[in-house]
$ cat coords-v7.txt   # compact mmCIF, C-alpha atoms
# COMPACT_ATOMS: atom_id res chain seq x y z
CA MET A 1 1.98 21.04 13.20
CA ALA A 2 -1.77 21.33 12.71
CA ALA A 3 -3.48 19.26 10.07
CA SER A 4 -5.36 21.00 7.32
CA THR A 5 -9.09 20.44 7.48
CA THR A 6 -9.90 22.29 4.24
CA ARG A 7 -12.63 20.38 2.43
CA GLN A 8 -13.79 20.18 -1.14
CA SER A 9 -17.09 21.63 -0.02
CA ASP A 10 -18.82 22.10 3.29
CA LYS A 11 -21.31 19.35 2.42
CA ALA A 12 -18.84 16.78 1.12
CA PRO A 13 -18.59 13.83 3.52
CA ARG A 14 -15.07 13.45 4.87
CA LEU A 15 -13.55 10.05 4.12
CA VAL A 16 -10.21 9.25 5.75
CA ILE A 17 -8.28 6.24 4.40
CA LEU A 18 -5.42 4.87 6.48
CA GLY A 19 -2.83 3.14 4.31
CA ALA A 20 -1.93 3.36 0.61
CA GLY A 21 -1.34 -0.31 -0.04
CA PHE A 22 -3.33 -2.32 -2.56
CA ALA A 23 -6.61 -1.82 -0.69
CA GLY A 24 -6.31 1.83 0.35
CA LEU A 25 -4.93 2.98 -3.00
CA GLN A 26 -7.58 1.13 -4.99
CA LEU A 27 -10.37 2.61 -2.85
CA ALA A 28 -9.03 6.15 -3.28
CA LYS A 29 -8.73 5.62 -7.05
CA LYS A 30 -12.29 4.32 -7.29
CA LEU A 31 -13.62 7.33 -5.37
CA ARG A 32 -11.49 10.09 -6.90
CA ASN A 33 -13.55 12.85 -8.45
CA SER A 34 -16.55 11.57 -6.48
CA ALA A 35 -18.61 13.54 -3.97
CA TYR A 36 -16.36 12.37 -1.11
CA ASP A 37 -13.64 14.60 0.32
CA ILE A 38 -10.84 12.05 0.77
CA THR A 39 -7.73 12.20 2.92
CA LEU A 40 -5.30 9.37 2.17
CA ILE A 41 -2.78 8.91 5.00
CA ASP A 42 0.39 6.82 4.73
CA GLN A 43 3.82 7.05 6.32
CA TYR A 44 5.41 6.81 2.85
CA ASN A 45 4.77 9.15 -0.08
CA TYR A 46 4.55 6.21 -2.48
CA HIS A 47 2.67 2.99 -3.10
CA GLN A 48 4.78 -0.17 -2.91
CA PHE A 49 4.29 -3.22 -5.15
CA GLN A 50 5.07 -5.86 -2.54
CA PRO A 51 5.13 -8.99 -4.76
CA LEU A 52 8.38 -7.80 -6.36
CA PHE A 53 10.25 -6.76 -3.21
CA TYR A 54 12.43 -9.84 -3.55
CA GLN A 55 13.65 -8.62 -6.96
CA VAL A 56 14.74 -5.32 -5.41
CA ALA A 57 16.50 -7.23 -2.63
CA THR A 58 18.44 -9.34 -5.16
CA ALA A 59 19.32 -6.35 -7.40
CA ARG A 60 17.09 -7.36 -10.31
CA LEU A 61 14.92 -4.24 -10.16
CA GLU A 62 15.45 -0.74 -8.88
CA PRO A 63 13.10 0.46 -6.10
CA SER A 64 11.66 3.15 -8.37
CA SER A 65 10.38 0.44 -10.71
CA ILE A 66 7.93 -0.86 -8.11
CA SER A 67 7.24 2.31 -6.11
CA PHE A 68 4.72 4.91 -7.28
CA PRO A 69 4.48 8.48 -5.88
CA LEU A 70 1.01 8.99 -4.43
CA ARG A 71 0.76 12.65 -5.36
CA LYS A 72 1.55 11.77 -8.98
CA ILE A 73 -1.28 9.22 -9.02
CA PHE A 74 -3.80 11.81 -7.78
CA GLN A 75 -2.58 14.90 -9.64
CA ARG A 76 -5.91 15.28 -11.43
CA SER A 77 -8.08 14.35 -8.44
CA ASN A 78 -9.11 17.48 -6.60
CA ASN A 79 -10.97 15.59 -3.90
CA VAL A 80 -8.02 13.38 -2.82
CA HIS A 81 -5.58 14.90 -0.32
CA VAL A 82 -2.42 12.90 0.37
CA ARG A 83 -0.82 13.22 3.81
CA ASN A 84 2.48 11.54 4.64
CA THR A 85 2.54 10.96 8.36
CA LYS A 86 2.27 8.26 10.99
CA VAL A 87 -1.00 7.53 12.76
CA LYS A 88 -0.83 7.91 16.52
CA GLU A 89 -4.39 6.94 17.38
CA VAL A 90 -7.85 6.35 15.99
CA ASP A 91 -10.43 8.12 18.14
CA MET A 92 -13.70 6.46 17.15
CA ALA A 93 -15.70 8.24 19.84
CA GLY A 94 -14.55 11.64 18.56
CA GLN A 95 -14.57 10.53 14.90
CA GLN A 96 -11.03 11.67 14.27
CA VAL A 97 -7.58 10.30 13.46
CA VAL A 98 -4.66 11.64 15.49
CA THR A 99 -1.39 11.70 13.55
CA GLU A 100 2.10 13.17 13.94
CA ASP A 101 0.94 15.95 11.62
CA GLY A 102 -2.22 16.76 13.55
CA ILE A 103 -5.86 15.67 13.73
CA PHE A 104 -8.06 14.62 10.82
CA PRO A 105 -11.83 14.48 11.49
CA TYR A 106 -13.90 12.01 9.47
CA ASP A 107 -17.44 11.10 8.62
CA GLU A 108 -16.33 7.69 7.33
CA LEU A 109 -13.04 5.97 8.16
CA VAL A 110 -11.41 3.12 6.25
CA ILE A 111 -8.56 1.22 7.88
CA ALA A 112 -6.31 -0.34 5.24
CA THR A 113 -3.03 -0.47 7.15
CA GLY A 114 -2.13 -3.99 6.03
CA CYS A 115 0.32 -6.18 7.87
CA THR A 116 3.83 -6.04 9.21
CA THR A 117 6.45 -8.67 9.98
CA ASN A 118 5.59 -11.03 12.84
CA PHE A 119 8.61 -12.18 14.85
CA PHE A 120 6.33 -14.03 17.28
CA GLY A 121 7.75 -12.15 20.26
CA ASN A 122 11.36 -13.17 19.63
CA LYS A 123 13.38 -10.02 20.34
CA ASN A 124 16.63 -11.50 18.99
CA LEU A 125 15.04 -12.25 15.63
CA GLU A 126 13.53 -8.78 15.57
CA GLN A 127 16.95 -7.25 16.21
CA TYR A 128 19.17 -9.38 13.97
CA ALA A 129 17.02 -10.86 11.18
CA PHE A 130 16.29 -9.00 7.93
CA PRO A 131 12.57 -8.52 7.16
CA MET A 132 11.23 -7.57 3.73
CA LYS A 133 7.87 -5.83 4.12
CA SER A 134 8.71 -2.44 2.61
CA THR A 135 10.79 -0.92 -0.17
CA THR A 136 13.26 0.46 2.36
CA GLU A 137 13.67 -2.97 3.96
CA ALA A 138 14.23 -4.50 0.51
CA ILE A 139 16.97 -1.91 -0.15
CA THR A 140 18.53 -2.69 3.23
CA LEU A 141 18.54 -6.38 2.36
CA ARG A 142 20.10 -5.66 -1.03
CA ASN A 143 22.88 -3.71 0.70
CA ARG A 144 23.40 -6.56 3.15
CA ILE A 145 23.67 -9.16 0.38
CA LEU A 146 26.11 -7.08 -1.69
CA LEU A 147 28.21 -5.97 1.29
CA ASN A 148 28.32 -9.61 2.32
CA PHE A 149 30.66 -10.48 -0.53
CA GLU A 150 32.73 -7.32 -0.20
CA ASP A 151 33.35 -8.40 3.40
CA ALA A 152 34.28 -11.88 2.20
CA LEU A 153 37.38 -10.56 0.41
CA ASN A 154 39.07 -9.93 3.76
CA ALA A 155 37.25 -12.38 6.02
CA THR A 156 38.77 -14.88 8.42
CA PRO A 157 37.82 -18.59 7.96
CA GLU A 158 35.33 -18.32 10.84
CA GLU A 159 33.75 -15.17 9.37
CA MET A 160 33.71 -16.79 5.92
CA GLU A 161 31.41 -19.57 7.13
CA GLU A 162 28.87 -17.03 8.37
CA ILE A 163 29.13 -15.01 5.16
CA MET A 164 28.71 -18.02 2.89
CA ASN A 165 25.46 -19.18 4.50
CA ILE A 166 22.28 -17.29 3.58
CA VAL A 167 19.19 -18.47 5.45
CA VAL A 168 15.63 -17.68 4.34
CA VAL A 169 13.00 -18.50 6.96
CA GLY A 170 9.47 -19.10 5.66
CA GLY A 171 8.46 -21.31 2.75
CA GLY A 172 5.56 -19.23 1.42
CA PRO A 173 5.70 -17.50 -1.98
CA THR A 174 8.06 -14.79 -0.71
CA GLY A 175 10.54 -17.27 0.75
CA VAL A 176 10.41 -19.56 -2.29
CA GLU A 177 10.85 -16.72 -4.78
CA LEU A 178 13.66 -15.10 -2.81
CA SER A 179 15.52 -18.41 -2.39
CA GLY A 180 15.30 -19.13 -6.10
CA SER A 181 16.54 -15.65 -6.93
CA LEU A 182 19.49 -16.02 -4.54
CA ALA A 183 20.37 -19.37 -6.15
CA GLU A 184 20.44 -17.73 -9.58
CA LEU A 185 22.57 -14.91 -8.17
CA LYS A 186 25.02 -17.53 -6.91
CA LYS A 187 25.18 -19.38 -10.22
CA ASN A 188 25.08 -16.62 -12.84
CA ILE A 189 26.28 -13.34 -11.37
CA LEU A 190 28.51 -13.60 -8.31
CA PRO A 191 31.24 -15.72 -10.01
CA ARG A 192 31.59 -13.00 -12.67
CA ASP A 193 31.72 -10.17 -10.14
CA TYR A 194 34.14 -12.00 -7.84
CA PRO A 195 36.28 -14.28 -10.03
CA ASP A 196 38.75 -14.90 -7.20
CA MET A 197 36.12 -16.38 -4.87
CA ASP A 198 34.82 -19.96 -4.71
CA PHE A 199 31.02 -19.75 -4.71
CA SER A 200 30.59 -23.52 -4.56
CA LYS A 201 30.86 -22.91 -0.80
CA LEU A 202 27.91 -20.49 -0.81
CA ASN A 203 24.83 -22.15 0.69
CA VAL A 204 21.24 -20.94 0.40
CA TYR A 205 18.92 -22.49 2.99
CA LEU A 206 15.12 -22.30 2.94
CA LEU A 207 13.60 -23.23 6.30
CA GLU A 208 9.90 -24.03 6.59
CA GLY A 209 8.24 -25.00 9.85
CA SER A 210 5.48 -27.10 8.24
CA PRO A 211 5.89 -30.30 6.18
CA ASN A 212 5.69 -28.46 2.83
CA THR A 213 6.67 -25.21 1.16
CA LEU A 214 3.86 -23.20 -0.49
CA ALA A 215 1.39 -24.67 2.00
CA ALA A 216 -1.60 -22.86 0.43
CA MET A 217 -1.01 -24.38 -3.00
CA SER A 218 -1.78 -27.79 -4.48
CA PRO A 219 0.37 -30.84 -3.58
CA VAL A 220 1.75 -31.04 -7.11
CA SER A 221 2.83 -27.38 -7.02
CA GLN A 222 4.39 -27.91 -3.61
CA ARG A 223 6.35 -30.92 -4.81
CA ILE A 224 7.52 -29.44 -8.10
CA SER A 225 8.50 -26.08 -6.61
CA GLN A 226 10.64 -27.87 -4.02
CA GLU A 227 12.22 -29.99 -6.77
CA TYR A 228 13.03 -26.82 -8.71
CA LEU A 229 14.69 -25.26 -5.68
CA GLU A 230 16.72 -28.34 -4.84
CA LYS A 231 17.94 -28.70 -8.44
CA MET A 232 19.04 -25.05 -8.26
CA GLY A 233 21.11 -25.86 -5.18
CA VAL A 234 18.83 -24.53 -2.44
CA GLN A 235 18.85 -26.64 0.71
CA VAL A 236 15.17 -26.93 1.63
CA TRP A 237 14.53 -27.92 5.25
CA THR A 238 10.90 -28.64 6.10
CA ASN A 239 9.59 -29.20 9.64
CA ALA A 240 12.39 -26.79 10.59
CA VAL A 241 11.14 -24.43 13.30
CA MET A 242 13.36 -21.47 14.18
CA GLN A 243 14.03 -21.06 17.87
CA ASP A 244 16.57 -18.24 18.13
CA TYR A 245 19.17 -16.19 16.29
CA ASP A 246 21.93 -14.02 17.76
CA GLY A 247 23.26 -12.50 14.53
CA HIS A 248 25.79 -15.30 14.08
CA THR A 249 24.04 -18.63 14.67
CA ALA A 250 20.53 -19.74 13.67
CA ILE A 251 19.24 -22.29 16.18
CA LEU A 252 16.35 -24.63 15.34
CA LYS A 253 14.05 -26.27 17.86
CA ASP A 254 15.37 -29.72 16.94
CA GLY A 255 18.89 -28.63 17.87
CA ARG A 256 20.30 -28.07 14.40
CA GLN A 257 22.38 -24.93 13.94
CA ILE A 258 23.56 -22.86 10.97
CA LYS A 259 26.35 -20.32 11.20
CA THR A 260 25.16 -17.21 9.34
CA ARG A 261 25.16 -13.44 9.47
CA ASN A 262 22.42 -13.37 6.82
CA LEU A 263 19.04 -14.50 8.10
CA ILE A 264 16.04 -13.27 6.11
CA TRP A 265 12.70 -13.48 7.90
CA ALA A 266 9.69 -14.27 5.71
CA ALA A 267 7.92 -16.54 8.16
CA GLY A 268 4.96 -14.60 9.41
CA ILE A 269 2.84 -11.46 9.33
CA THR A 270 0.62 -9.72 11.82
CA GLY A 271 -1.99 -7.04 11.41
CA ASN A 272 -0.70 -3.48 11.58
CA VAL A 273 -3.46 -2.24 13.89
CA PRO A 274 -3.55 1.49 14.72
CA ALA A 275 -3.66 2.48 18.38
CA GLY A 276 -7.17 3.19 19.57
CA ILE A 277 -8.74 0.06 18.10
CA SER A 278 -10.22 -2.02 20.91
CA LYS A 279 -8.61 -5.42 21.45
CA GLU A 280 -12.13 -6.83 21.52
CA LEU A 281 -12.32 -6.14 17.78
CA LEU A 282 -9.19 -8.17 17.02
CA VAL A 283 -8.99 -11.83 16.08
CA ARG A 284 -6.24 -14.30 15.21
CA GLY A 285 -3.37 -12.72 13.31
CA ASN A 286 -4.13 -9.33 14.89
CA ARG A 287 -6.77 -8.65 12.25
CA ILE A 288 -9.84 -6.44 12.71
CA LYS A 289 -13.16 -8.28 12.56
CA VAL A 290 -15.58 -6.87 10.00
CA ASP A 291 -18.98 -7.87 8.68
CA GLU A 292 -19.77 -8.76 5.05
CA TYR A 293 -20.01 -5.05 4.20
CA SER A 294 -16.43 -4.46 5.52
CA ARG A 295 -17.80 -2.54 8.53
CA VAL A 296 -15.82 -2.90 11.73
CA ALA A 297 -17.91 -4.83 14.25
CA GLY A 298 -20.16 -2.56 16.32
CA THR A 299 -19.72 0.51 14.12
CA GLU A 300 -21.62 2.12 11.27
CA ASN A 301 -19.01 4.41 9.74
CA VAL A 302 -15.69 2.61 10.27
CA PHE A 303 -14.53 0.05 7.72
CA ALA A 304 -11.48 -2.20 7.29
CA ILE A 305 -10.27 -3.79 4.07
CA GLY A 306 -7.25 -5.70 2.82
CA ASP A 307 -4.83 -7.75 4.94
CA ILE A 308 -5.91 -6.04 8.17
CA ALA A 309 -9.55 -7.14 7.76
CA TYR A 310 -10.98 -10.45 8.95
CA MET A 311 -14.32 -11.24 7.32
CA GLU A 312 -16.15 -14.52 7.88
CA THR A 313 -18.47 -15.60 5.07
CA LYS A 314 -20.13 -18.83 4.01
CA ASP A 315 -17.36 -19.53 1.51
CA TRP A 316 -14.60 -18.24 3.78
CA PRO A 317 -15.47 -19.23 7.38
CA ASN A 318 -11.88 -18.60 8.52
CA GLY A 319 -11.46 -15.28 6.76
CA HIS A 320 -10.09 -14.45 3.32
CA PRO A 321 -6.48 -15.05 2.27
CA GLN A 322 -4.19 -12.07 2.75
CA MET A 323 -3.52 -11.45 -0.93
CA ALA A 324 -3.36 -8.40 -3.17
CA ASN A 325 -6.29 -9.68 -5.23
CA VAL A 326 -8.54 -9.88 -2.17
CA ALA A 327 -7.51 -6.37 -1.10
CA GLY A 328 -8.31 -4.93 -4.52
CA LYS A 329 -11.68 -6.67 -4.73
CA GLN A 330 -12.65 -5.51 -1.23
CA ALA A 331 -11.67 -1.94 -2.10
CA THR A 332 -13.72 -1.96 -5.30
CA HIS A 333 -16.70 -3.43 -3.45
CA LEU A 334 -16.45 -0.90 -0.61
CA ALA A 335 -16.25 1.99 -3.10
CA THR A 336 -19.53 0.82 -4.61
CA ASN A 337 -21.10 0.52 -1.17
CA LEU A 338 -19.90 3.95 -0.04
CA LYS A 339 -21.49 5.52 -3.10
CA ALA A 340 -24.69 3.60 -2.32
CA LEU A 341 -24.50 4.72 1.31
CA LYS A 342 -24.25 8.36 0.27
CA ASN A 343 -27.23 8.00 -2.06
CA GLY A 344 -29.31 6.16 0.55
CA ASN A 345 -29.28 2.88 -1.38
CA LYS A 346 -28.96 -0.65 -0.02
CA LEU A 347 -25.48 -2.06 0.59
CA LYS A 348 -24.31 -5.30 -1.02
CA GLN A 349 -22.46 -8.08 0.76
CA PHE A 350 -18.92 -8.93 -0.33
CA THR A 351 -18.35 -12.21 -2.16
CA TYR A 352 -15.04 -13.56 -3.38
CA LYS A 353 -13.95 -16.42 -5.60
CA LEU A 354 -10.26 -17.30 -5.49
CA PRO A 355 -8.92 -16.93 -9.04
CA GLY A 356 -5.82 -18.96 -8.25
CA SER A 357 -2.36 -18.71 -6.76
CA MET A 358 1.16 -18.80 -8.14
CA ALA A 359 4.84 -18.52 -7.35
CA THR A 360 7.95 -18.25 -9.46
CA VAL A 361 11.12 -20.11 -8.55
CA GLY A 362 13.55 -19.02 -11.26
CA LYS A 363 14.11 -18.64 -14.97
CA ARG A 364 11.46 -20.69 -16.80
CA LYS A 365 10.39 -22.19 -13.47
CA ALA A 366 7.07 -21.35 -11.82
CA VAL A 367 3.95 -23.03 -10.45
CA VAL A 368 0.36 -21.90 -11.02
CA ASP A 369 -2.86 -23.19 -9.46
CA LEU A 370 -6.12 -22.14 -11.10
CA PRO A 371 -9.57 -23.34 -9.99
CA PHE A 372 -9.73 -25.80 -12.88
CA ILE A 373 -6.07 -26.69 -13.54
CA SER A 374 -2.53 -26.65 -12.13
CA PHE A 375 0.48 -26.22 -14.36
CA GLN A 376 4.19 -25.68 -13.92
CA GLY A 377 7.30 -24.81 -15.90
CA VAL A 378 7.77 -22.34 -18.75
CA ILE A 379 4.07 -21.65 -19.38
CA ALA A 380 3.52 -21.00 -15.68
CA TRP A 381 6.56 -18.70 -15.64
CA LEU A 382 5.27 -16.67 -18.59
CA PHE A 383 1.82 -16.53 -16.97
CA TRP A 384 3.35 -15.24 -13.72
CA MET A 385 5.34 -12.55 -15.53
CA PHE A 386 2.40 -11.37 -17.63
CA LEU A 387 0.06 -11.08 -14.64
CA HIS A 388 2.57 -9.17 -12.53
CA LEU A 389 3.32 -6.79 -15.37
CA MET A 390 -0.40 -6.08 -15.77
CA LEU A 391 -0.67 -5.27 -12.05
CA ILE A 392 2.03 -2.58 -12.26
CA LEU A 393 0.35 0.83 -12.07
CA ASN A 394 1.64 2.69 -15.11
CA ALA A 395 2.94 2.00 -18.62
CA LYS A 396 6.37 3.53 -17.97
CA ASN A 397 7.10 1.16 -15.08
CA LYS A 398 5.71 -1.80 -17.00
CA LEU A 399 8.17 -1.04 -19.81
CA ILE A 400 11.13 -0.55 -17.46
CA ILE A 401 10.43 -3.84 -15.68
CA PHE A 402 9.93 -5.68 -18.96
CA ILE A 403 13.24 -4.37 -20.32
CA ASN A 404 15.06 -5.39 -17.12
CA TRP A 405 13.51 -8.85 -17.28
CA ALA A 406 14.43 -9.21 -20.96
CA ILE A 407 18.05 -8.21 -20.34
CA SER A 408 18.23 -10.59 -17.40
CA TYR A 409 16.74 -13.41 -19.48
CA PHE A 410 19.20 -13.13 -22.36
CA THR A 411 22.34 -12.23 -20.37
CA ASN A 412 21.69 -13.94 -17.00
CA ASP A 413 22.83 -10.64 -15.51
CA THR A 414 21.70 -7.19 -14.43
CA THR A 415 23.54 -3.91 -13.95
CA LEU A 416 21.71 -2.86 -10.79
CA ARG A 417 24.09 -4.02 -8.08
CA LEU A 418 24.57 -0.66 -6.37
CA ILE A 419 25.33 -0.36 -2.67
CA LEU A 420 23.51 2.80 -1.60
CA MET A 421 24.05 3.60 2.07
CA PRO A 422 22.44 6.59 3.82
CA THR A 423 24.66 9.63 4.25
CA ARG A 424 25.00 11.61 7.46
CA LYS A 425 22.86 14.37 5.94
CA GLN A 426 20.10 11.92 5.08
CA VAL A 427 20.00 10.66 8.67
CA GLU A 428 19.97 14.21 10.02
CA MET A 429 17.25 15.23 7.57
CA ALA A 430 15.06 12.30 8.64
CA LYS A 431 15.53 13.19 12.32
CA GLU A 432 14.70 16.84 11.62
CA HIS A 433 11.55 15.87 9.72
CA HIS A 434 10.31 13.67 12.57
CA SER A 435 11.07 16.33 15.16
CA MET A 436 9.00 18.85 13.18
CA GLU A 437 6.08 16.39 13.09
CA GLU A 438 6.23 15.93 16.84

$ encode --input "coords-v7.txt" --output "structure tokens"
Amino acid sequence: MAASTTRQSDKAPRLVILGAGFAGLQLAKKLRNSAYDITLIDQYNYHQFQPLFYQVATARLEPSSISFPLRKIFQRSNNVHVRNTKVKEVDMAGQQVVTEDGIFPYDELVIATGCTTNFFGNKNLEQYAFPMKSTTEAITLRNRILLNFEDALNATPEEMEEIMNIVVVGGGPTGVELSGSLAELKKNILPRDYPDMDFSKLNVYLLEGSPNTLAAMSPVSQRISQEYLEKMGVQVWTNAVMQDYDGHTAILKDGRQIKTRNLIWAAGITGNVPAGISKELLVRGNRIKVDEYSRVAGTENVFAIGDIAYMETKDWPNGHPQMANVAGKQATHLATNLKALKNGNKLKQFTYKLPGSMATVGKRKAVVDLPFISFQGVIAWLFWMFLHLMLILNAKNKLIIFINWAISYFTNDTTLRLILMPTRKQVEMAKEHHSMEE
């Protein structure tokens, strides 16, 4: 299938953006209705709000609450063309992007492909563990968690041990938030749904390879968040490095083992680098090295922003943290520079001040680190909720999420525990779509 190369005007510079995450979407929004002719390429037809994936996985929110159709966002933007396809290769010499839908020439290219799950080369973990880096993976995890307890109704004692152990690997914000949510599911919801089961035997483990959870946060936030988790019944194991997993037994490097069929992998990410990018441009974490203008090293018209970009500055000699706030700021800065570039003006270097970091553990339990203060508890929890609501793209979704949170707060329950498995027709339709692209 050939790609359309129709342009807004023959003189409009062609800007191709790869990825519609926080960085790519923000850049396209900042440049909509500008003089650029923009093609936004992503394998999904929606933007995903990653910080709330764990709430989809634990049936607190529906996927539609945190996923936003790209074409809806750009309905009134005549210069933004959305293409849903996978990138095969970036041809920098020919100034074009090769995709499953055809070839897209560019005058400027922005790589904002973000990161994907890093299994550190362990094929067993890749095959058997459950990642959570997309809406579809969060839905898969939700199905696994809910099916888990349906299976328990007819399980043998040996199977029951595997079912009743849920292991979360990775003590960053995702792992901490997911573990806390699972603990609340165990306490408040599952005993009501399954009154004939004994959930005192359900164990939630959080495994972290370093000495502390939330390693990027302050010592007081690390300590208090771990105390919260332990009081909620989560078994927190630090200095616990995963060695292998065969779908039934999690094996740690120190010899400890946990019988489980539910291992959730939140322990690492790696840059999602498109084919065609020279390995010489990559640094630790599989990130693309850029200068302080977000230009890919050795190029003039190729840029990288967001989690995929590695930028060394005076304040950040080891690169910026891979956070949504950084991605948004880099996108806004690059939009300003691209406009300056088109007008022949001087580019400005990117600077970033960390506004803070936070994580929620459960109801009325959160930790927040700001540059001038750290605080925990109810105020931190309200702060976390307010900020995340403000980051949601539209008013309708903000309201839906707020209503769901309010119901959950007052009832300690939700009504979203639906097991939605793909039908045969859905699988066939997906195969047909991919075959047409090829």

$ atom_distance --input "coords-v7.txt" --atom1 "atom CA of His388 of chain A" --atom2 "atom CA of Thr140 of chain A"
23.3 Å

$ closest_residue --input "coords-v7.txt" --among "A:Met311, A:Ala324, A:Ile66, A:Leu214" --to "Gly21 of chain A" --atoms "only C-alpha atoms"
A:Ala324

$ closest_residue --input "coords-v7.txt" --among "A:Phe49, A:Tyr293, A:Phe68, A:Tyr44" --to "Phe22 of chain A" --atoms "only C-alpha atoms"
A:Phe49

$ closest_residue --input "coords-v7.txt" --among "A:Gln226, A:Asp307, A:Gly175, A:Met164" --to "Met197 of chain A" --atoms "all atoms listed in the file"
A:Met164

$ closest_residue --input "coords-v7.txt" --among "A:Leu347, A:Asp291, A:Pro371, A:Thr117" --to "Lys314 of chain A" --atoms "all atoms listed in the file"
A:Asp291

$ closest_residue --input "coords-v7.txt" --among "A:His248, A:Thr238, A:Lys29, A:Gly233" --to "Asn124 of chain A" --atoms "all atoms listed in the file"
A:His248

$ residues_around --input "coords-v7.txt" --residues "Ala57 of chain A" --least-positions-apart "6" --cutoff "7 Å" --atoms "all atoms listed in the file" --output "number ranges by chain"
A: 138-139, 141-142

$ residues_around --input "coords-v7.txt" --residues "Phe375 of chain A" --least-positions-apart "3" --cutoff "12 Å" --atoms "all atoms listed in the file" --output "PyMOL selection string"
chain A and resi 217-222+224-225+356-360+365-372+378-384

$ closest_atom_pairs --input "coords-v7.txt" --of "segment 119-229 of chain A" --to "segment 391-412 of chain A" --cutoff "12 Å" --atoms "only C-alpha atoms" --output "JSON lines"
{"residue": "A:Ser181", "atom": "CA", "partner": "A:Asn412", "partner_atom": "CA", "distance": 11.4}
{"residue": "A:Glu184", "atom": "CA", "partner": "A:Asn412", "partner_atom": "CA", "distance": 8.4}
{"residue": "A:Leu185", "atom": "CA", "partner": "A:Asn412", "partner_atom": "CA", "distance": 8.9}
{"residue": "A:Lys186", "atom": "CA", "partner": "A:Asn412", "partner_atom": "CA", "distance": 11.2}
{"residue": "A:Lys187", "atom": "CA", "partner": "A:Asn412", "partner_atom": "CA", "distance": 9.4}
{"residue": "A:Asn188", "atom": "CA", "partner": "A:Asn412", "partner_atom": "CA", "distance": 6.0}
{"residue": "A:Ile189", "atom": "CA", "partner": "A:Asn412", "partner_atom": "CA", "distance": 7.3}
{"residue": "A:Leu190", "atom": "CA", "partner": "A:Asn412", "partner_atom": "CA", "distance": 11.1}
{"residue": "A:Pro191", "atom": "CA", "partner": "A:Asn412", "partner_atom": "CA", "distance": 12.0}
{"residue": "A:Arg192", "atom": "CA", "partner": "A:Asn412", "partner_atom": "CA", "distance": 10.8}

$ atom_distance --input "coords-v7.txt" --atom1 "atom CA of Thr39 of chain A" --atom2 "atom CA of Met92 of chain A"
16.5 Å

$ atom_distance --input "coords-v7.txt" --atom1 "atom CA of Ile17 of chain A" --atom2 "atom CA of Tyr36 of chain A"
11.5 Å

$ residues_near_point --input "coords-v7.txt" --point "(-14.6, 12.1, 2.2)" --cutoff "6 Å" --atoms "all atoms listed in the file" --output "compact mmCIF listing (two decimals) with C-alpha atoms, in the coordinates of the input"
# COMPACT_ATOMS: atom_id res chain seq x y z
CA PRO A 13 -18.59 13.83 3.52
CA ARG A 14 -15.07 13.45 4.87
CA LEU A 15 -13.55 10.05 4.12
CA TYR A 36 -16.36 12.37 -1.11
CA ASP A 37 -13.64 14.60 0.32
CA ILE A 38 -10.84 12.05 0.77

$ build_atoms --input "coords-v7.txt" --residues "segment 103-113 of chain A" --atoms "N, CA and C atoms" --output "PDB file, in the frame of the given file"
ATOM      1  N   ILE A 103      -4.612  16.425  13.588  1.00  0.00           N
ATOM      2  CA  ILE A 103      -5.860  15.670  13.730  1.00  0.00           C
ATOM      3  C   ILE A 103      -6.691  15.787  12.453  1.00  0.00           C
ATOM      4  N   PHE A 104      -7.232  14.648  12.022  1.00  0.00           N
ATOM      5  CA  PHE A 104      -8.060  14.620  10.820  1.00  0.00           C
ATOM      6  C   PHE A 104      -9.450  14.080  11.189  1.00  0.00           C
ATOM      7  N   PRO A 105     -10.466  14.947  11.225  1.00  0.00           N
ATOM      8  CA  PRO A 105     -11.830  14.480  11.490  1.00  0.00           C
ATOM      9  C   PRO A 105     -12.350  13.676  10.300  1.00  0.00           C
ATOM     10  N   TYR A 106     -13.319  12.805  10.553  1.00  0.00           N
ATOM     11  CA  TYR A 106     -13.900  12.010   9.470  1.00  0.00           C
ATOM     12  C   TYR A 106     -15.389  11.804   9.684  1.00  0.00           C
ATOM     13  N   ASP A 107     -16.071  11.599   8.581  1.00  0.00           N
ATOM     14  CA  ASP A 107     -17.440  11.100   8.620  1.00  0.00           C
ATOM     15  C   ASP A 107     -17.452   9.590   8.418  1.00  0.00           C
ATOM     16  N   GLU A 108     -16.576   9.123   7.507  1.00  0.00           N
ATOM     17  CA  GLU A 108     -16.330   7.690   7.330  1.00  0.00           C
ATOM     18  C   GLU A 108     -14.826   7.448   7.402  1.00  0.00           C
ATOM     19  N   LEU A 109     -14.453   6.337   8.026  1.00  0.00           N
ATOM     20  CA  LEU A 109     -13.040   5.970   8.160  1.00  0.00           C
ATOM     21  C   LEU A 109     -12.833   4.581   7.571  1.00  0.00           C
ATOM     22  N   VAL A 110     -11.769   4.436   6.791  1.00  0.00           N
ATOM     23  CA  VAL A 110     -11.410   3.120   6.250  1.00  0.00           C
ATOM     24  C   VAL A 110      -9.996   2.793   6.704  1.00  0.00           C
ATOM     25  N   ILE A 111      -9.869   1.679   7.404  1.00  0.00           N
ATOM     26  CA  ILE A 111      -8.560   1.220   7.880  1.00  0.00           C
ATOM     27  C   ILE A 111      -8.030   0.197   6.868  1.00  0.00           C
ATOM     28  N   ALA A 112      -6.921   0.544   6.236  1.00  0.00           N
ATOM     29  CA  ALA A 112      -6.310  -0.340   5.240  1.00  0.00           C
ATOM     30  C   ALA A 112      -4.800  -0.377   5.472  1.00  0.00           C
ATOM     31  N   THR A 113      -4.433  -0.580   6.729  1.00  0.00           N
ATOM     32  CA  THR A 113      -3.030  -0.470   7.150  1.00  0.00           C
ATOM     33  C   THR A 113      -2.230  -1.733   6.912  1.00  0.00           C
TER      34      THR A 113
END
